[in-house]
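Asks: Structure file entry19.txt (compact mmCIF, C-alpha atoms) right here:
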```
# COMPACT_ATOMS: atom_id res chain seq x y z
CA GLU A 28 99.96 77.67 88.22
CA LEU A 29 102.48 80.37 87.39
CA LYS A 30 104.95 81.12 90.18
CA VAL A 31 107.32 84.05 90.28
CA GLU A 32 110.16 84.13 92.76
CA GLN A 33 112.52 86.98 93.50
CA ASN A 34 115.71 86.97 95.42
CA PRO A 35 116.96 88.39 97.55
CA LEU A 36 113.90 89.57 99.44
CA PHE A 37 115.91 92.22 101.23
CA LEU A 38 119.09 93.92 100.13
CA SER A 39 121.13 96.44 102.06
CA MET A 40 124.00 97.91 100.13
CA GLN A 41 126.46 100.76 100.27
CA GLU A 42 126.36 103.64 97.86
CA GLY A 43 128.62 103.08 94.88
CA LYS A 44 128.30 99.29 94.92
CA ASN A 45 126.85 97.03 92.25
CA TYR A 46 124.28 94.31 92.79
CA THR A 47 121.80 92.11 90.93
CA ILE A 48 118.22 91.13 91.75
CA TYR A 49 116.96 87.86 90.28
CA CYS A 50 113.48 86.92 89.11
CA ASN A 51 112.63 83.32 88.25
CA TYR A 52 109.30 82.21 86.83
CA SER A 53 107.80 78.80 86.27
CA THR A 54 106.06 78.86 82.86
CA THR A 55 106.53 80.43 79.46
CA SER A 56 105.68 84.09 79.29
CA ASP A 57 104.93 86.76 76.73
CA ARG A 58 106.26 89.63 78.77
CA LEU A 59 108.15 90.45 81.91
CA TYR A 60 107.94 93.74 83.78
CA TRP A 61 109.98 95.44 86.44
CA TYR A 62 108.33 97.94 88.78
CA ARG A 63 109.50 100.21 91.54
CA GLN A 64 107.35 100.95 94.57
CA ASP A 65 108.07 103.59 97.23
CA PRO A 66 106.47 103.15 100.67
CA GLY A 67 102.73 103.81 100.58
CA LYS A 68 102.80 104.52 96.86
CA SER A 69 101.64 102.74 93.73
CA LEU A 70 103.77 100.96 91.14
CA GLU A 71 106.09 102.81 88.81
CA SER A 72 106.90 100.97 85.60
CA LEU A 73 110.64 100.62 84.97
CA PHE A 74 111.06 98.13 82.13
CA VAL A 75 109.05 95.91 79.80
CA LEU A 76 110.97 92.95 78.39
CA LEU A 77 109.40 91.25 75.41
CA SER A 78 111.79 88.71 73.99
CA ASN A 79 114.66 86.40 74.78
CA GLY A 80 117.90 88.27 75.19
CA ALA A 81 116.17 91.61 75.66
CA VAL A 82 118.25 94.13 77.57
CA LYS A 83 117.08 97.56 78.63
CA GLN A 84 118.90 100.25 80.57
CA GLU A 85 117.77 103.41 82.29
CA GLY A 86 120.28 105.31 84.35
CA ARG A 87 121.86 103.00 86.93
CA LEU A 88 119.38 100.17 86.29
CA MET A 89 119.66 97.51 83.62
CA ALA A 90 117.20 94.66 83.08
CA SER A 91 117.65 91.52 81.02
CA LEU A 92 115.55 88.53 80.09
CA ASP A 93 116.49 84.91 79.37
CA THR A 94 113.28 83.13 78.38
CA LYS A 95 114.98 79.75 78.05
CA ALA A 96 116.15 79.88 81.65
CA ARG A 97 112.93 81.69 82.69
CA LEU A 98 115.08 84.26 84.42
CA SER A 99 115.23 88.01 84.47
CA THR A 100 117.78 90.15 86.26
CA LEU A 101 117.77 93.75 87.42
CA HIS A 102 121.31 95.02 87.76
CA ILE A 103 122.11 98.07 89.83
CA THR A 104 125.30 99.94 89.02
CA ALA A 105 126.96 102.32 91.47
CA ALA A 106 123.92 102.49 93.73
CA VAL A 107 122.74 105.81 95.15
CA HIS A 108 120.39 106.46 98.07
CA ASP A 109 117.56 107.53 95.74
CA LEU A 110 117.31 103.96 94.48
CA SER A 111 116.06 102.79 97.88
CA ALA A 112 112.62 101.25 97.25
CA THR A 113 110.94 97.89 96.72
CA TYR A 114 111.38 96.35 93.29
CA PHE A 115 108.93 93.87 91.82
CA CYS A 116 109.10 91.72 88.75
CA ALA A 117 105.83 90.62 87.16
CA VAL A 118 105.10 88.08 84.46
CA GLU A 119 102.34 88.26 81.88
CA PRO A 120 101.84 84.74 80.51
CA ASP A 121 99.43 85.78 77.76
CA ALA A 122 99.43 89.27 76.29
CA GLY A 123 96.66 91.30 77.81
CA ASN A 124 95.98 89.08 80.79
CA MET A 125 96.67 89.45 84.46
CA LEU A 126 100.12 89.92 85.91
CA THR A 127 101.67 87.55 88.42
CA PHE A 128 104.07 89.37 90.71
CA GLY A 129 107.10 88.23 92.61
CA GLY A 130 107.33 88.88 96.32
CA GLY A 131 109.47 91.95 95.86
CA THR A 132 113.02 92.94 96.78
CA ARG A 133 113.34 95.67 99.36
CA LEU A 134 116.46 97.65 98.56
CA MET A 135 118.14 99.95 101.05
CA VAL A 136 121.11 101.96 99.88
CA LYS A 137 123.17 103.38 102.71
CA PRO A 138 125.41 106.45 102.35
CA ASP B 14 95.07 112.20 79.65
CA THR B 15 95.58 112.25 83.39
CA GLY B 16 96.26 108.57 83.98
CA VAL B 17 94.35 106.03 86.05
CA SER B 18 92.57 107.58 89.03
CA GLN B 19 91.15 105.89 92.12
CA ASP B 20 88.82 107.14 94.79
CA PRO B 21 89.05 107.27 97.74
CA ARG B 22 92.78 107.16 98.33
CA HIS B 23 92.29 106.06 101.93
CA LYS B 24 89.38 104.38 103.66
CA ILE B 25 89.05 103.41 107.31
CA THR B 26 86.05 101.29 108.16
CA LYS B 27 84.80 99.14 110.98
CA ARG B 28 84.59 95.41 110.63
CA GLY B 29 81.27 94.35 109.15
CA GLN B 30 80.70 97.52 107.15
CA ASN B 31 80.47 97.62 103.36
CA VAL B 32 82.89 99.69 101.29
CA THR B 33 83.02 100.65 97.61
CA PHE B 34 86.00 101.84 95.63
CA ARG B 35 86.01 103.51 92.26
CA CYS B 36 88.55 103.34 89.43
CA ASP B 37 88.61 105.59 86.37
CA PRO B 38 90.88 104.13 83.69
CA ILE B 39 92.79 105.97 81.02
CA SER B 40 90.28 106.91 78.36
CA GLU B 41 89.99 104.43 75.50
CA HIS B 42 91.67 101.66 77.51
CA ASN B 43 89.22 98.83 77.15
CA ARG B 44 90.86 96.55 79.74
CA LEU B 45 90.63 97.26 83.45
CA TYR B 46 92.23 95.21 86.24
CA TRP B 47 91.94 95.05 90.02
CA TYR B 48 94.76 93.84 92.25
CA ARG B 49 95.17 93.62 96.01
CA GLN B 50 98.43 94.17 97.84
CA THR B 51 98.88 93.32 101.51
CA LEU B 52 101.75 94.73 103.52
CA GLY B 53 105.11 93.32 102.50
CA GLN B 54 103.73 91.29 99.60
CA GLY B 55 103.48 91.67 95.86
CA PRO B 56 100.16 92.63 94.28
CA GLU B 57 97.74 89.76 93.63
CA PHE B 58 95.28 89.68 90.76
CA LEU B 59 91.60 89.92 91.66
CA THR B 60 89.64 90.40 88.44
CA TYR B 61 89.63 92.07 85.04
CA PHE B 62 87.22 93.50 82.53
CA GLN B 63 87.28 93.94 78.82
CA ASN B 64 84.84 96.74 78.19
CA GLU B 65 81.87 95.91 80.42
CA ALA B 66 82.47 92.15 80.47
CA GLN B 67 84.15 90.62 83.51
CA LEU B 68 86.42 88.02 81.90
CA GLU B 69 88.28 86.51 84.80
CA LYS B 70 88.07 86.34 88.57
CA SER B 71 90.67 85.07 91.01
CA ARG B 72 89.92 82.55 93.71
CA LEU B 73 90.88 85.41 96.06
CA LEU B 74 87.65 87.13 95.10
CA SER B 75 85.32 85.69 97.71
CA ASN B 76 81.57 86.07 97.49
CA ARG B 77 81.87 89.19 99.65
CA PHE B 78 83.62 90.94 96.78
CA SER B 79 81.91 92.21 93.67
CA ALA B 80 83.22 94.29 90.81
CA GLU B 81 81.35 96.04 88.04
CA ARG B 82 82.10 98.10 84.98
CA PRO B 83 78.61 98.93 83.82
CA LYS B 84 79.33 101.13 80.82
CA GLY B 85 82.80 99.93 80.00
CA SER B 86 84.38 103.05 81.48
CA PHE B 87 84.84 103.39 85.26
CA SER B 88 84.71 100.38 87.56
CA THR B 89 83.66 99.82 91.15
CA LEU B 90 84.88 97.22 93.62
CA GLU B 91 82.58 96.55 96.57
CA ILE B 92 83.49 94.59 99.68
CA GLN B 93 80.60 93.52 101.86
CA ARG B 94 80.87 92.72 105.57
CA THR B 95 84.50 93.73 105.72
CA GLU B 96 86.96 91.70 107.78
CA GLN B 97 90.31 92.70 109.22
CA GLY B 98 91.98 90.48 106.62
CA ASP B 99 90.62 92.76 103.90
CA SER B 100 92.99 95.52 105.01
CA ALA B 101 95.24 96.11 102.02
CA MET B 102 96.05 98.43 99.14
CA TYR B 103 93.63 97.95 96.26
CA LEU B 104 95.23 98.79 92.94
CA CYS B 105 93.49 99.40 89.64
CA ALA B 106 95.20 99.25 86.26
CA SER B 107 94.07 99.76 82.70
CA SER B 108 95.48 98.91 79.29
CA PRO B 109 94.74 98.99 75.61
CA PRO B 110 94.26 95.49 74.13
CA GLY B 111 97.43 93.44 74.44
CA ASN B 112 99.53 96.24 75.86
CA GLU B 113 101.17 97.30 79.11
CA GLN B 114 99.02 97.94 82.17
CA TYR B 115 99.13 101.37 83.77
CA PHE B 116 98.51 101.48 87.51
CA GLY B 117 96.53 103.98 89.52
CA PRO B 118 97.60 105.42 92.89
CA GLY B 119 95.66 102.77 94.84
CA THR B 120 93.09 102.84 97.63
CA ARG B 121 94.39 101.91 101.06
CA LEU B 122 91.75 100.15 103.15
CA THR B 123 92.07 99.77 106.89
CA VAL B 124 89.48 97.63 108.68
CA THR B 125 89.37 98.20 112.43
```
So that I can check it, write out the structure of this file as structure tokens.

Replies:
Amino acid sequence: ELKVEQNPLFLSMQEGKNYTIYCNYSTTSDRLYWYRQDPGKSLESLFVLLSNGAVKQEGRLMASLDTKARLSTLHITAAVHDLSATYFCAVEPDAGNMLTFGGGTRLMVKP
Amino acid sequence: DTGVSQDPRHKITKRGQNVTFRCDPISEHNRLYWYRQTLGQGPEFLTYFQNEAQLEKSRLLSNRFSAERPKGSFSTLEIQRTEQGDSAMYLCASSPPGNEQYFGPGTRLTVT
């Protein structure tokens, strides 16, 4: 059974600081996704990582994938309040099949 | 193309009542997925369709739950004899074959 674990579960940080969220998964995977979710809202796709060593960046967020270690990271650079949300990673073991999500990381960025 | 839509967006029902949710996928997406998300947790897979065929169901999908996609377009998820534990956000997603899933806005169910 595929398991996806994120840490930390909760992260409170000051504006301007850097931090990394980790996502570990238990079996080989075709794809890994990062999503953002605001309270009461649906999922907003941030990144799709397809291969070992993949790195993608959008604004202050950068995601990477190490398929050998079964690890993905989401790095936040110089955090701003607008980044406050819950971030989920999700693994797709076979292309086109269901996603298995991590438990989420609730990020609060304080002024 | 307006994206995945779900109806209703919010539903409050009394325990024991039946409820039905609808999902309209992005046109020409032949795969459609249902997920459930309880408060403070990540979404959990329920079931998915390829065209009108239901290809996989999670163990979470008890016999009180049924999903259909009769013409391979929209889908419905029905919960019979609702329980308080059914309170959650129900998310629908669609995708072309082998590609990224696009999520709808969700239906929030509250069972009182």

Asks: Mind running chain B against chain A at 12 Å and telling me each contacting residue's nearest atom pair with the distance in Å (one decimal), counting all atoms listed in the file, chain and number ascending, as JSON lines?

Replies:
```
{"residue": "B:Val17", "atom": "CA", "partner": "A:Ser69", "partner_atom": "CA", "distance": 11.1}
{"residue": "B:Ser18", "atom": "CA", "partner": "A:Ser69", "partner_atom": "CA", "distance": 11.3}
{"residue": "B:Gln19", "atom": "CA", "partner": "A:Ser69", "partner_atom": "CA", "distance": 11.1}
{"residue": "B:Arg22", "atom": "CA", "partner": "A:Lys68", "partner_atom": "CA", "distance": 10.5}
{"residue": "B:His23", "atom": "CA", "partner": "A:Gly67", "partner_atom": "CA", "distance": 10.8}
{"residue": "B:His42", "atom": "CA", "partner": "A:Gly123", "partner_atom": "CA", "distance": 11.5}
{"residue": "B:Asn43", "atom": "CA", "partner": "A:Gly123", "partner_atom": "CA", "distance": 10.6}
{"residue": "B:Arg44", "atom": "CA", "partner": "A:Gly123", "partner_atom": "CA", "distance": 8.1}
{"residue": "B:Leu45", "atom": "CA", "partner": "A:Met125", "partner_atom": "CA", "distance": 9.9}
{"residue": "B:Tyr46", "atom": "CA", "partner": "A:Met125", "partner_atom": "CA", "distance": 7.5}
{"residue": "B:Trp47", "atom": "CA", "partner": "A:Met125", "partner_atom": "CA", "distance": 9.2}
{"residue": "B:Tyr48", "atom": "CA", "partner": "A:Met125", "partner_atom": "CA", "distance": 9.1}
{"residue": "B:Arg49", "atom": "CA", "partner": "A:Phe128", "partner_atom": "CA", "distance": 11.2}
{"residue": "B:Gln50", "atom": "CA", "partner": "A:Ser69", "partner_atom": "CA", "distance": 10.0}
{"residue": "B:Thr51", "atom": "CA", "partner": "A:Gly130", "partner_atom": "CA", "distance": 10.9}
{"residue": "B:Leu52", "atom": "CA", "partner": "A:Gly67", "partner_atom": "CA", "distance": 9.6}
{"residue": "B:Gly53", "atom": "CA", "partner": "A:Gly130", "partner_atom": "CA", "distance": 7.9}
{"residue": "B:Gln54", "atom": "CA", "partner": "A:Gly130", "partner_atom": "CA", "distance": 5.4}
{"residue": "B:Gly55", "atom": "CA", "partner": "A:Gly130", "partner_atom": "CA", "distance": 4.8}
{"residue": "B:Pro56", "atom": "CA", "partner": "A:Phe128", "partner_atom": "CA", "distance": 6.2}
{"residue": "B:Glu57", "atom": "CA", "partner": "A:Thr127", "partner_atom": "CA", "distance": 6.9}
{"residue": "B:Phe58", "atom": "CA", "partner": "A:Met125", "partner_atom": "CA", "distance": 6.5}
{"residue": "B:Leu59", "atom": "CA", "partner": "A:Met125", "partner_atom": "CA", "distance": 8.8}
{"residue": "B:Thr60", "atom": "CA", "partner": "A:Met125", "partner_atom": "CA", "distance": 8.1}
{"residue": "B:Tyr61", "atom": "CA", "partner": "A:Met125", "partner_atom": "CA", "distance": 7.5}
{"residue": "B:Phe62", "atom": "CA", "partner": "A:Asn124", "partner_atom": "CA", "distance": 10.0}
{"residue": "B:Gln63", "atom": "CA", "partner": "A:Gly123", "partner_atom": "CA", "distance": 9.8}
{"residue": "B:Leu68", "atom": "CA", "partner": "A:Asn124", "partner_atom": "CA", "distance": 9.7}
{"residue": "B:Glu69", "atom": "CA", "partner": "A:Met125", "partner_atom": "CA", "distance": 8.9}
{"residue": "B:Lys70", "atom": "CA", "partner": "A:Met125", "partner_atom": "CA", "distance": 10.0}
{"residue": "B:Ser71", "atom": "CA", "partner": "A:Met125", "partner_atom": "CA", "distance": 9.9}
{"residue": "B:Ala101", "atom": "CA", "partner": "A:Gly67", "partner_atom": "CA", "distance": 10.8}
{"residue": "B:Met102", "atom": "CA", "partner": "A:Gly67", "partner_atom": "CA", "distance": 8.7}
{"residue": "B:Tyr103", "atom": "CA", "partner": "A:Ser69", "partner_atom": "CA", "distance": 9.7}
{"residue": "B:Leu104", "atom": "CA", "partner": "A:Ser69", "partner_atom": "CA", "distance": 7.6}
{"residue": "B:Cys105", "atom": "CA", "partner": "A:Ser69", "partner_atom": "CA", "distance": 9.7}
{"residue": "B:Ala106", "atom": "CA", "partner": "A:Leu70", "partner_atom": "CA", "distance": 10.0}
{"residue": "B:Ser107", "atom": "CA", "partner": "A:Gly123", "partner_atom": "CA", "distance": 10.1}
{"residue": "B:Ser108", "atom": "CA", "partner": "A:Gly123", "partner_atom": "CA", "distance": 7.8}
{"residue": "B:Pro109", "atom": "CA", "partner": "A:Gly123", "partner_atom": "CA", "distance": 8.2}
{"residue": "B:Pro110", "atom": "CA", "partner": "A:Gly123", "partner_atom": "CA", "distance": 6.1}
{"residue": "B:Gly111", "atom": "CA", "partner": "A:Gly123", "partner_atom": "CA", "distance": 4.1}
{"residue": "B:Asn112", "atom": "CA", "partner": "A:Gly123", "partner_atom": "CA", "distance": 6.0}
{"residue": "B:Glu113", "atom": "CA", "partner": "A:Gly123", "partner_atom": "CA", "distance": 7.6}
{"residue": "B:Gln114", "atom": "CA", "partner": "A:Gly123", "partner_atom": "CA", "distance": 8.3}
{"residue": "B:Tyr115", "atom": "CA", "partner": "A:Ser72", "partner_atom": "CA", "distance": 8.0}
{"residue": "B:Phe116", "atom": "CA", "partner": "A:Leu70", "partner_atom": "CA", "distance": 6.4}
{"residue": "B:Gly117", "atom": "CA", "partner": "A:Ser69", "partner_atom": "CA", "distance": 6.7}
{"residue": "B:Pro118", "atom": "CA", "partner": "A:Ser69", "partner_atom": "CA", "distance": 4.9}
{"residue": "B:Gly119", "atom": "CA", "partner": "A:Ser69", "partner_atom": "CA", "distance": 6.1}
{"residue": "B:Thr120", "atom": "CA", "partner": "A:Ser69", "partner_atom": "CA", "distance": 9.4}
{"residue": "B:Arg121", "atom": "CA", "partner": "A:Gly67", "partner_atom": "CA", "distance": 8.6}
{"residue": "B:Leu122", "atom": "CA", "partner": "A:Gly67", "partner_atom": "CA", "distance": 11.9}
```

Asks: Please provide the set of residues having any atom within 10 Å of Thr26 of chain B, restricted to all atoms listed in the file, with same-chain residues fewer than 5 positions apart removed, written as a PyMOL selection string.

Replies: chain B and resi 31-32+95-97+100+122-125

Asks: Atom CA of Asp57 of chain A and atom CA of Pro120 of chain A are how many Å apart?

Replies: 5.3 Å

Asks: What does the distance between atom CA of Gly16 of chain B and atom CA of Ala90 of chain A come to in Å, to one decimal place?

Replies: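 We find that atom CA of Gly16 of chain B and atom CA of Ala90 of chain A lie 25.2 Å from each other.
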
Asks: Atom CA of Tyr49 of chain A to atom CA of Met89 of chain A: how many Å, to one decimal?

Replies: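 Separating atom CA of Tyr49 of chain A from atom CA of Met89 of chain A is a distance of 12.0 Å.
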
Asks: List the neighbours of Ser111 of chain A out to 12 Å using all atoms listed in the file; skip same-chain residues closer than 3 positions along the sequence, and give me the result as JSON, numbers by chain.

Replies: {"A": [37, 38, 39, 40, 41, 42, 63, 64, 65, 66, 103, 106, 107, 108, 114, 132, 133, 134, 135, 136, 137, 138]}

Asks: Go through B:Arg82, B:Arg35, B:Ser40, B:Gln30 one by one, measure the shortest atom-to-atom distance of each to Thr15 of chain B using only C-alpha atoms, and give the residue with the smallest value.

Replies: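 Nearest candidate to Thr15 of chain B out of B:Arg82, B:Arg35, B:Ser40, B:Gln30: B:Ser40.
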